[in-house]
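What follows is one structure encoded as structure tokens, with my remarks underneath.
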Amino acid sequence: MDQPAQKRSPWVYVGCGCGALVLLSILGVVLVGYVIKDKVEGFTADMKDPAARTARAKQILNAQALPPGYFASISVSVPMVMDMALLSDKAPDASGEIKGFDKRGFLYFKVISPDKDRDKLRDYFEGKSDDAGSLKKATVNMDVRETLKRGALDLAGKKLLYVANRGDTDTGQGKAKGLQTMMLFDCSTDQKMRVGIWFGEDPSPTAPAKDLDLKGTVADEASMRAFVSNFDPCGA
């Protein structure tokens, strides 16, 4: 005599579903770990290969060529999270690496950022706030000693906001003391924050800000325009 079919408890299916979710989670962690490992290995290789660093930096900056006199010191990308390029005015040494800077450098970050952080950052660049916390958190350690000026540039219909300061910029490749011009590339293409810091020498470190001649420095609008014209972050 056939036994009546026993109904399975719904908890069996819940258990199977949870097991599948756990398996997918494990596979996701493994996949993320693999991607990170691959990126780390690629980054390590690029550190010793000037051509690879340059190619990646050009891709990050959406540039046909790097600005004249600059070389890719570091360039790294983590898909859907962050892109970073560090340019130096020092050429690669015999090992292919670049250590530090001569007089100038440029640090660029493109990172996922909540709306509130982008709004706070815009307030800083527009002079509505003195809090550059979002920028410092997203990029590097900076010490702002004196704000020289704020402004905006129209670049082929795209807006660049900037704040020029006297201060120190620590990029991990050495601390640059002098002038630093923080840049916010106003792109509406996605929810990423695109910021740059162009740093260089202070022509008269002891001179009062009102007497400082900024012509030709990283805080000079004509110099900014010429420098930034070499790439298009909003198109990347």
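Naming works like this for the structure tokens: A, B, ... for the chains as they're shown, residue 1 at the start of each chain, ligands 1 onward in shown order.
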Problem set entry | Contact residues around stretch 85-101 of chain A with only C-alpha atoms at 6 Å, ignoring same-chain residues under 6 positions, as a ChimeraX atom specification | /A:48-50,57,69-75,107-108,173-174
Could you take the residues named above and write them with C-alpha atoms, as an mmCIF file, in the first residue's frame?
data_model
loop_
_atom_site.group_PDB
_atom_site.id
_atom_site.type_symbol
_atom_site.label_atom_id
_atom_site.label_comp_id
_atom_site.auth_asym_id
_atom_site.auth_seq_id
_atom_site.Cartn_x
_atom_site.Cartn_y
_atom_site.Cartn_z
ATOM 1 C CA LYS A 48 57.658 50.076 -12.504
ATOM 2 C CA ASP A 49 56.379 50.581 -16.051
ATOM 3 C CA PRO A 50 56.249 54.246 -17.172
ATOM 4 C CA ALA A 57 46.684 58.125 -16.510
ATOM 5 C CA GLY A 69 56.631 68.480 -18.673
ATOM 6 C CA TYR A 70 54.566 66.062 -16.574
ATOM 7 C CA PHE A 71 54.917 62.325 -16.103
ATOM 8 C CA ALA A 72 52.593 59.706 -14.615
ATOM 9 C CA SER A 73 53.885 58.874 -11.141
ATOM 10 C CA ILE A 74 50.905 56.776 -9.999
ATOM 11 C CA SER A 75 47.745 55.728 -11.821
ATOM 12 C CA LEU A 107 46.705 64.856 -8.127
ATOM 13 C CA TYR A 108 43.364 63.838 -9.636
ATOM 14 C CA GLN A 173 55.215 60.733 -2.544
ATOM 15 C CA GLY A 174 56.482 63.525 -0.354
#
For this session: Write down as a ChimeraX atom specification the residues of stretch 61-93 of chain A whose backbone DSSP state falls under strand (DSSP E or B).
Result: /A:71-78,82-88
Exercise. Which residues, written as JSON, numbers by chain, have at least one atom at most 10 Å from A:Leu155, with only C-alpha atoms counted and residues fewer than 6 positions away on the same chain left out?
Worked result: {"A": [185, 225, 228, 229, 232]}
Write a file of the selected residues as a CSV table (one decimal), in the first residue's frame, keeping C-alpha atoms.
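So selection-v3.csv came out as:
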chain,number,residue,atom,x,y,z
A,185,PHE,CA,35.3,69.7,-12.3
A,225,ARG,CA,43.4,77.1,-18.3
A,228,VAL,CA,43.6,71.8,-17.7
A,229,SER,CA,43.1,72.2,-21.5
A,232,ASP,CA,38.7,66.4,-20.1
Exercise. Which polymer residues have any atom within 8 Å of an atom of A:Ser77, counting only C-alpha atoms, with same-chain residues fewer than 5 positions away left out, as a PyMOL selection string?
Worked result: chain A and resi 39+60+82-84
Could you write out the selected residues, including N, CA and C atoms, as a PDB file, in the first residue's frame?
ATOM      1  N   LYS A  39      43.772  43.979  -9.415  1.00  0.00           N
ATOM      2  CA  LYS A  39      44.092  45.397  -9.499  1.00  0.00           C
ATOM      3  C   LYS A  39      45.379  45.723  -8.755  1.00  0.00           C
ATOM      4  N   ILE A  60      42.357  57.784 -17.481  1.00  0.00           N
ATOM      5  CA  ILE A  60      41.655  58.353 -16.332  1.00  0.00           C
ATOM      6  C   ILE A  60      41.311  59.818 -16.572  1.00  0.00           C
ATOM      7  N   MET A  82      36.674  54.071  -7.833  1.00  0.00           N
ATOM      8  CA  MET A  82      37.625  55.166  -7.756  1.00  0.00           C
ATOM      9  C   MET A  82      38.662  55.081  -8.865  1.00  0.00           C
ATOM     10  N   ASP A  83      39.045  56.256  -9.371  1.00  0.00           N
ATOM     11  CA  ASP A  83      40.175  56.396 -10.291  1.00  0.00           C
ATOM     12  C   ASP A  83      41.086  57.468  -9.723  1.00  0.00           C
ATOM     13  N   MET A  84      42.391  57.255  -9.831  1.00  0.00           N
ATOM     14  CA  MET A  84      43.340  58.232  -9.293  1.00  0.00           C
ATOM     15  C   MET A  84      44.581  58.297 -10.168  1.00  0.00           C
TER      16      MET A  84
END
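With only C-alpha atoms as the atoms that count, the minimum distance from A:Thr217 to the choices A:Lys158, A:Arg122, A:Arg166, A:Lys128 is reached by A:Arg166.
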